[in-house]
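Quick notes on the structure that follows.
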Amino acid sequence: MASSVTKPARKKLAWMLALLVTCAGLIGIGVATNQPGAAFTPELALDLQGGTSIILSPTVAEGETVSTEQLNQAVGIIRQRVDSTGVSESTITTSGNANIVVEIPGTPSETTLQLIKSSAKLEFRAVLLASAGTAAQVGGDATATASPSASATPNQPATQPSIAPTNGSDLNWITPELRRQFDAFDCSTQFRAPGQVDDMKAPLITCDTGRFQKYILGPVELDGTNISDATAGTITTQTGASTNEWAVNLVFDGAGTSIFSAVTSRLFPLETPRNQFAVTLDGYVITDPAAKAVITNGEAQITGGFTKESSQSLADQLKYGSLPIGFEVQSQENISATLGSESLRSGLLAGLIGLLLVVIYSLFQYRALAVVTVGSLLVAAVLTYLLIALLSWRQGYRLSLSGVAGLIVAIGITADSFIVYFERVRDELRDGRSLSTAVDAAWSRAIRTILVSDAVSLLAAVVLFSLTVGSVKGFAFTLGLTTLVDLAVVVLFTHPILQVLAQRKFFSSGHKWSGFDSKAIGGAMYLGRGKFSVSDRVSEAKRGKASKEAEKRQTIAERKLAEANENGAKS
Amino acid sequence: MAKFSNFGNDLYSGARSIDFVGRRKIFYIISIVMVILAVALPVARGGFNFGIEFRGGSEFRVSGVDQSQQRVAIDAVRDVVPETNPVVTAVGASDLRVQTEQLSPVESEEVRVALANAFNINSSGVASSFIGANWGADITSKAFLGLLVFILMAFVLMAIYFRTLKMSFAAMIALFHDLILTAGIYGALGFEVTPAAVIGFLTILGYSLYDTVVVFDKIRENTFEVEFSETSTLAERINLAVNQTLVRSINTSVVAVLPVASILFIGAVLLGAGTLRDIALALFIGMIVGTYSSIFIAAPVYSHMREGEKKYLEAAKKVIASR
């Protein structure tokens with residue numbers, strides 16, 4: 001009998017061990033192969049470790065100012081972009097009247113900086129003319145346009161077309177003046193100011209991001225606001241095989257879908273290059289696909305030299321919106337921790353003292369069973385630590401002081417699962433079961449309670465994580481993590497350990513120090529072979545009365561309650 | 001501690017029983033008075049005291065100084081504005097950044113001079129500017145939306161699991177009771193509301209519901225088909241469930257509060273005001289209130305809602321007649 005109970009228990013314990021070893025192993029491999037960010041200690045957040053402070057100042061044309069509303073909008077968008085890189089609890093503030101200060105833990109990579117500051121204005125324009133990106137060697141006026149200009153629309157002609165163009169592909173957009181500018185245009189020059197704003201209703205001369213091709217593009221047909229979703233993925237061929245080439249997939253909203261359908265049906269019959277449309281990001285052409293079909297379902301794909309990181313970064317920028325204004329990095333400096341090591345030490349000390357108090361209390365309450373409580377808490381602590389180290393490497397999770405406090409609080413919530421279970425076991429013993437059957441009967445009831453209460457916590461974590469930003473998101477992440485660890489520990493450690501211990505005579509005999517002391521718990525204690533020792537507090541007379549109760553549904557506890565009520569009524 | 005075990009045993013068997021459900025009027029009155037106080041006291045104090053993370057503030061940049069001298073900067077600011085808690089950060093290689101609550105132009109100039117004097121540098125070496133709230137309106141509105149969605153979904157989840165809307169309602173009443181009381185005590189004491197306190201507050205939300213669900217799960221089990229019982233009424237079974245989970249409730253809250261009390265103590269004694277104390281205080285109040293409300297509010301309110309139903313009224317009449 002012993003082996004039939006302990007076998008599944010041992011299996012569960014083996015799973016727990018496997019889980020711990022896998023986590024440690026993954027980090028170990030990361031450290032051994034020198035992967036960036038892999039370490040056995042989790043990365044700390046801004047408040048405990050410090051990081052980098054980046055001051056962004058808006059780039060606007062002379063004489064123009066940035067409104068508070070635009071600034072707040074930009075803060076919101078930058079925050080979402082930073083959050084998309086991981087749970088780092090960064091802070092984003094406005095400073096003075098126009099600057100935005102972004103503080104992120106550690107040193108930001110070039111990709112992160114780009115993600116933060118790029119305005120991400122995506123526009124779709126029809127291609128009118130395209131040629132190699134160097135100035136034509138006719139005439140000598142290349143120098144006239146080679147120097148960058150501070151004006152808002154330096155590459156756009158002031159002269160209006162003599163015949164009004166009828167659509168975005170109409171060649172009447174190209175005035176002689178525009179043509180002359182185009183011929184002299186050289187992609188290798190600094191032809192755009194950062195954050196430059198173009199006239200959406202006018203044609204535009206620009207180059208691709210690689211500076212190989214120059215274009216005259218028609219007015220804007222569609223922009224980033226028409227995009228309802230953007231994801232990064234590898235390109236799948238028509239046969240369904242996936243390639244190694246990365247692309248950004250776009251889904252247009254209702255209005256975007258109908259415009260895109262109209263544009264592709266207009267471009268489809270035209271000749272090269274007018275059957276192409278250009279997708280520009282911040283004024284540079286990122287891709288210029290030809291319309292090979294009329295696309296009516298509103299789904300498009302941007303391709304062209306993306307890496308996994310660059311496609312993900314573009315998809316995030318598009319999904320979280322264009323900045324209302326362009327920004328440039330004014331300064332970038334290291335900042336120290338606001339709280340510092342003193343706070344972390346005190347937090348950890350508080351955690352240790354708290355844990356010690358919990359151990360002492362459970363010794364009083366559960367005697368030898370405290371070994372199970374403390375063991376479970378230790379397993380939970382180790383598992384949580386490993387998961388945090390793993391997630392700080394893979395997901396950019398950063399541990400802040402509020403995170404530390406959240407983890408200390410989780411001690412209580414994790415311990416509650418054991419307490420619910422232990423109290424259930426005692427209840428079952430009071431109903432007269434033997435310890436080994438009580439452990440299983442109590443489990444089937446306790447796990448329901450544990451599951452539903454953890455489901456509530458997990459729901460809070462998932463909802464708050466997906467809907468909020470900043471430090472609330474960080475909190476939700478910690479809550480979700482500790483809830484899952486709690487479940488794993490109670491199922492794969494506490495329950496099987498208790499099953500194994502129930503086979504030991506020390507516990508099954510209800511030893512005084514076992515935490516299942518028959519006298520202390522009281523009630524009927526199963527002694528084997530159908531004998532019961534009924535607690536002497538229930539008198540013979542009462543039991544006589546109780547036996548008259550014929551109702552099947554009654555439990556022993558209810559019967560006792562009924563007796564107590566009767567007694568109360570008589571006296 | 002054997003006595004405590006006996007106590008648990010007696011509660012389980014019903015040999016000893018505390019009448020939570022029957023004396024609900026007293027608990028209702030206590031809670032209503034506390035809720036009124038929790039709303040009135042912070043209002044009387046002039047509302048919550050929000051930190052610079054919410055309101056923005058003033059920032060001073062001291063250049064070319066020894067970065068370990070953070071204490072000097074804090075003292076210099078407090079000489080001018082005593083009731084403030086400045087945040088000092090080392091920036092770059094030799095600068096200190098001091099952030100305080102929003103100061104008036106006069107105070108701001110005084111702090112600038114005080115900082116320059118404290119560090120023995122020319123006052124041109126201290127620049128002052130305004131900083132915006134880093135816990136912006138967008139974070140608050142998103143957090144509220146998240147909370148609303150969570151509460152609605154938790155309501156539905158509980159309704160499905162317990163197969164009754166009334167448990168969801170009772171749990172929500174207890175939840176709002178906890179949130180109002182926690183926020184009220186925090187506001188009444190006049191502590192600064194920081195992001196850390198808000199996070200602590202959110203933890204309470206989870207803990208309060210969690211605790212109520214554990215008690216309700218025992219009630220669900222005990223009241224199964226109670227309308228066919230000839231020996232006990234719904235109210236008695238609910239009361240028995242609360243009594244049976246009482247030992248668990250006490251154990252859990254002691255175990256949960258011990259680490260929090262330890263953070264509160266360490267945070268307040270070793271560090272003074274700060275993130276740790278803020279979060280621990282919110283949690284300490286919230287956890288005690290959360291455990292209280294599951295027992296004294298949630299269960300009696302549920303019984304109150306349920307026992308007026310026709311089938312339970314009739315069953316209760318029969319049970320009482322047969323005694």
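Scheme for the structure tokens: letters A, B, ... for chains in order shown; per-chain residue numbers from 1; ligand numbers from 1 in order shown.
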
When you look at region 249-253 of chain A with a cut-off of 10 Å (counting only C-alpha atoms), what residues show up, excluding the ones that are within fewer than 6 positions of it in the same chain? I need them as a list of chain:residue names. A:Leu222, A:Asp223, A:Gly224, A:Thr225, A:Asn226, A:Ile227, A:Ser228, A:Asp229, A:Ala230, A:Thr231, A:Ala232, A:Gly233, A:Thr234, A:Ile235, A:Ile259, A:Phe260, A:Asn297, A:Gly298, A:Glu299, A:Ala300, A:Gln301, A:Ile302, A:Thr303, A:Ser311, A:Ala315, A:Leu318, A:Lys319

Contact residues around Gly403 (chain A) with only C-alpha atoms at 9 Å, ignoring same-chain residues under 4 positions, as a ChimeraX atom specification: /A:398-399,407-408,474-475,478

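We find CA of Ala293 (chain A) and CA of Ala262 (chain A) to be spaced 11.4 Å apart.
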
Hey, could you make a per-residue contact list for chain A against chain B with 6 Å as the cut-off, showing the nearest pair of atoms and its distance in Å to one decimal, counting only C-alpha atoms, sorted by chain and number, as CSV?
residue,atom,partner,partner_atom,distance
A:Ile92,CA,B:Asn134,CA,5.5
A:Thr93,CA,B:Asn134,CA,4.5
A:Thr94,CA,B:Gly132,CA,4.7
A:Ser95,CA,B:Ile131,CA,4.4
A:Gly96,CA,B:Phe130,CA,5.1
A:Glu333,CA,B:Gly92,CA,5.1
A:Asn334,CA,B:Gly92,CA,4.9
A:Ile335,CA,B:Val91,CA,4.2
A:Ser336,CA,B:Ala90,CA,4.8
A:Thr338,CA,B:Thr89,CA,5.4
A:Ala350,CA,B:Ile263,CA,4.8
A:Gly354,CA,B:Pro259,CA,3.7
A:Val358,CA,B:Val255,CA,5.6
A:Gly412,CA,B:Ala256,CA,3.6
A:Asp416,CA,B:Thr252,CA,5.3
A:Thr449,CA,B:Val214,CA,6.0
A:Ser453,CA,B:Tyr210,CA,5.1
A:Ser457,CA,B:Gly206,CA,5.7
A:Ala460,CA,B:Phe150,CA,5.7
A:Val463,CA,B:Phe150,CA,5.9
A:Leu464,CA,B:Gly146,CA,5.1
A:Leu467,CA,B:Gly146,CA,5.3
A:Thr468,CA,B:Lys142,CA,5.0
A:Val469,CA,B:Ile139,CA,6.0
A:Ala520,CA,B:Ser5,CA,5.5
A:Ile521,CA,B:Asn9,CA,5.7
A:Ala557,CA,B:Ser13,CA,4.8
A:Lys560,CA,B:Ser13,CA,5.9
A:Leu561,CA,B:Gly14,CA,4.8

Saved selection, atoms kept: C-alpha atoms, as a PDB file, in the first residue's frame:
ATOM      1  CA  ILE A  92       9.257  58.898 -18.534  1.00  0.00           C
ATOM      2  CA  THR A  93       8.701  62.512 -17.541  1.00  0.00           C
ATOM      3  CA  THR A  94       8.374  65.891 -19.100  1.00  0.00           C
ATOM      4  CA  SER A  95      10.984  68.404 -18.064  1.00  0.00           C
ATOM      5  CA  GLY A  96      10.719  72.167 -18.433  1.00  0.00           C
ATOM      6  CA  GLU A 333      24.033  60.385 -18.971  1.00  0.00           C
ATOM      7  CA  ASN A 334      24.369  57.771 -16.287  1.00  0.00           C
ATOM      8  CA  ILE A 335      22.270  58.224 -13.176  1.00  0.00           C
ATOM      9  CA  SER A 336      22.724  56.590  -9.802  1.00  0.00           C
ATOM     10  CA  THR A 338      17.525  56.734  -6.198  1.00  0.00           C
ATOM     11  CA  ALA A 350      13.107  42.556   6.467  1.00  0.00           C
ATOM     12  CA  GLY A 354       9.702  37.986   8.218  1.00  0.00           C
ATOM     13  CA  VAL A 358       6.813  32.703   9.861  1.00  0.00           C
ATOM     14  CA  GLY A 412       2.094  34.964   3.096  1.00  0.00           C
ATOM     15  CA  ASP A 416      -1.868  30.237   2.799  1.00  0.00           C
ATOM     16  CA  THR A 449     -10.136  26.169  -2.982  1.00  0.00           C
ATOM     17  CA  SER A 453      -8.457  31.578  -5.205  1.00  0.00           C
ATOM     18  CA  SER A 457      -5.083  36.352  -8.372  1.00  0.00           C
ATOM     19  CA  ALA A 460      -5.829  40.215 -11.669  1.00  0.00           C
ATOM     20  CA  VAL A 463      -5.769  41.805 -16.824  1.00  0.00           C
ATOM     21  CA  LEU A 464      -3.520  44.401 -15.196  1.00  0.00           C
ATOM     22  CA  LEU A 467      -4.073  46.785 -19.885  1.00  0.00           C
ATOM     23  CA  THR A 468      -1.701  48.931 -17.855  1.00  0.00           C
ATOM     24  CA  VAL A 469       1.701  50.552 -18.305  1.00  0.00           C
ATOM     25  CA  ALA A 520      -5.112  18.209  20.283  1.00  0.00           C
ATOM     26  CA  ILE A 521      -7.116  17.742  17.132  1.00  0.00           C
ATOM     27  CA  ALA A 557     -19.666  17.797  12.340  1.00  0.00           C
ATOM     28  CA  LYS A 560     -22.314  17.622  16.742  1.00  0.00           C
ATOM     29  CA  LEU A 561     -23.627  21.014  15.847  1.00  0.00           C
TER      30      LEU A 561
END

Which residues are near Ala44 (chain B)? Cut-off 9 Å, only C-alpha atoms, ignore same chain within fewer than 4 positions. Put them as a count of residues only. 3

Measuring atom to atom with only C-alpha atoms, identify which of B:Val289, B:Ile204, B:Ile29, B:Val111 is nearest to Ala410 (chain A). B:Ile204

Near-Pro496 (chain A) list (10 Å; only C-alpha atoms; drop same-chain fewer than 6 positions) as a list of chain:residue names: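 Here the qualifying residues turn out to be A:Val5, A:Thr6, A:Lys7, A:Pro8, A:Ala9, A:Arg10, A:Lys11, A:Lys12, A:Leu13, A:Val439, A:Asp440, A:Val490, A:Ala502.
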
Restricting it to N, CA and C atoms, dump the selection as a PDB file, in the first residue's frame.
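Final output, again-v8.pdb:
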ATOM      1  N   VAL A   5       1.009   4.539  -2.838  1.00  0.00           N
ATOM      2  CA  VAL A   5       0.775   5.950  -2.544  1.00  0.00           C
ATOM      3  C   VAL A   5       2.007   6.779  -2.873  1.00  0.00           C
ATOM      4  N   THR A   6       3.171   6.236  -2.475  1.00  0.00           N
ATOM      5  CA  THR A   6       4.367   7.055  -2.607  1.00  0.00           C
ATOM      6  C   THR A   6       4.866   7.143  -4.038  1.00  0.00           C
ATOM      7  N   LYS A   7       4.472   6.195  -4.896  1.00  0.00           N
ATOM      8  CA  LYS A   7       4.998   6.224  -6.262  1.00  0.00           C
ATOM      9  C   LYS A   7       4.579   7.497  -7.014  1.00  0.00           C
ATOM     10  N   PRO A   8       3.263   7.772  -7.082  1.00  0.00           N
ATOM     11  CA  PRO A   8       2.896   9.026  -7.762  1.00  0.00           C
ATOM     12  C   PRO A   8       3.470  10.251  -7.059  1.00  0.00           C
ATOM     13  N   ALA A   9       3.599  10.140  -5.712  1.00  0.00           N
ATOM     14  CA  ALA A   9       4.153  11.267  -4.962  1.00  0.00           C
ATOM     15  C   ALA A   9       5.594  11.523  -5.369  1.00  0.00           C
ATOM     16  N   ARG A  10       6.359  10.416  -5.467  1.00  0.00           N
ATOM     17  CA  ARG A  10       7.762  10.568  -5.860  1.00  0.00           C
ATOM     18  C   ARG A  10       7.878  11.133  -7.273  1.00  0.00           C
ATOM     19  N   LYS A  11       6.921  10.721  -8.120  1.00  0.00           N
ATOM     20  CA  LYS A  11       6.924  11.204  -9.506  1.00  0.00           C
ATOM     21  C   LYS A  11       6.754  12.721  -9.529  1.00  0.00           C
ATOM     22  N   LYS A  12       5.816  13.215  -8.688  1.00  0.00           N
ATOM     23  CA  LYS A  12       5.575  14.661  -8.651  1.00  0.00           C
ATOM     24  C   LYS A  12       6.803  15.400  -8.145  1.00  0.00           C
ATOM     25  N   LEU A  13       7.425  14.825  -7.093  1.00  0.00           N
ATOM     26  CA  LEU A  13       8.625  15.460  -6.551  1.00  0.00           C
ATOM     27  C   LEU A  13       9.718  15.514  -7.615  1.00  0.00           C
ATOM     28  N   VAL A 439      -5.102  12.692   4.133  1.00  0.00           N
ATOM     29  CA  VAL A 439      -4.229  13.505   3.290  1.00  0.00           C
ATOM     30  C   VAL A 439      -4.783  13.577   1.869  1.00  0.00           C
ATOM     31  N   ASP A 440      -5.305  12.443   1.379  1.00  0.00           N
ATOM     32  CA  ASP A 440      -5.836  12.453   0.014  1.00  0.00           C
ATOM     33  C   ASP A 440      -7.216  13.092  -0.075  1.00  0.00           C
ATOM     34  N   VAL A 490       2.647  23.897  -4.402  1.00  0.00           N
ATOM     35  CA  VAL A 490       1.680  23.152  -3.600  1.00  0.00           C
ATOM     36  C   VAL A 490       1.327  21.816  -4.266  1.00  0.00           C
ATOM     37  N   ALA A 502       2.900  10.896   5.541  1.00  0.00           N
ATOM     38  CA  ALA A 502       1.742  10.235   6.155  1.00  0.00           C
ATOM     39  C   ALA A 502       1.990   8.747   6.347  1.00  0.00           C
TER      40      ALA A 502
END
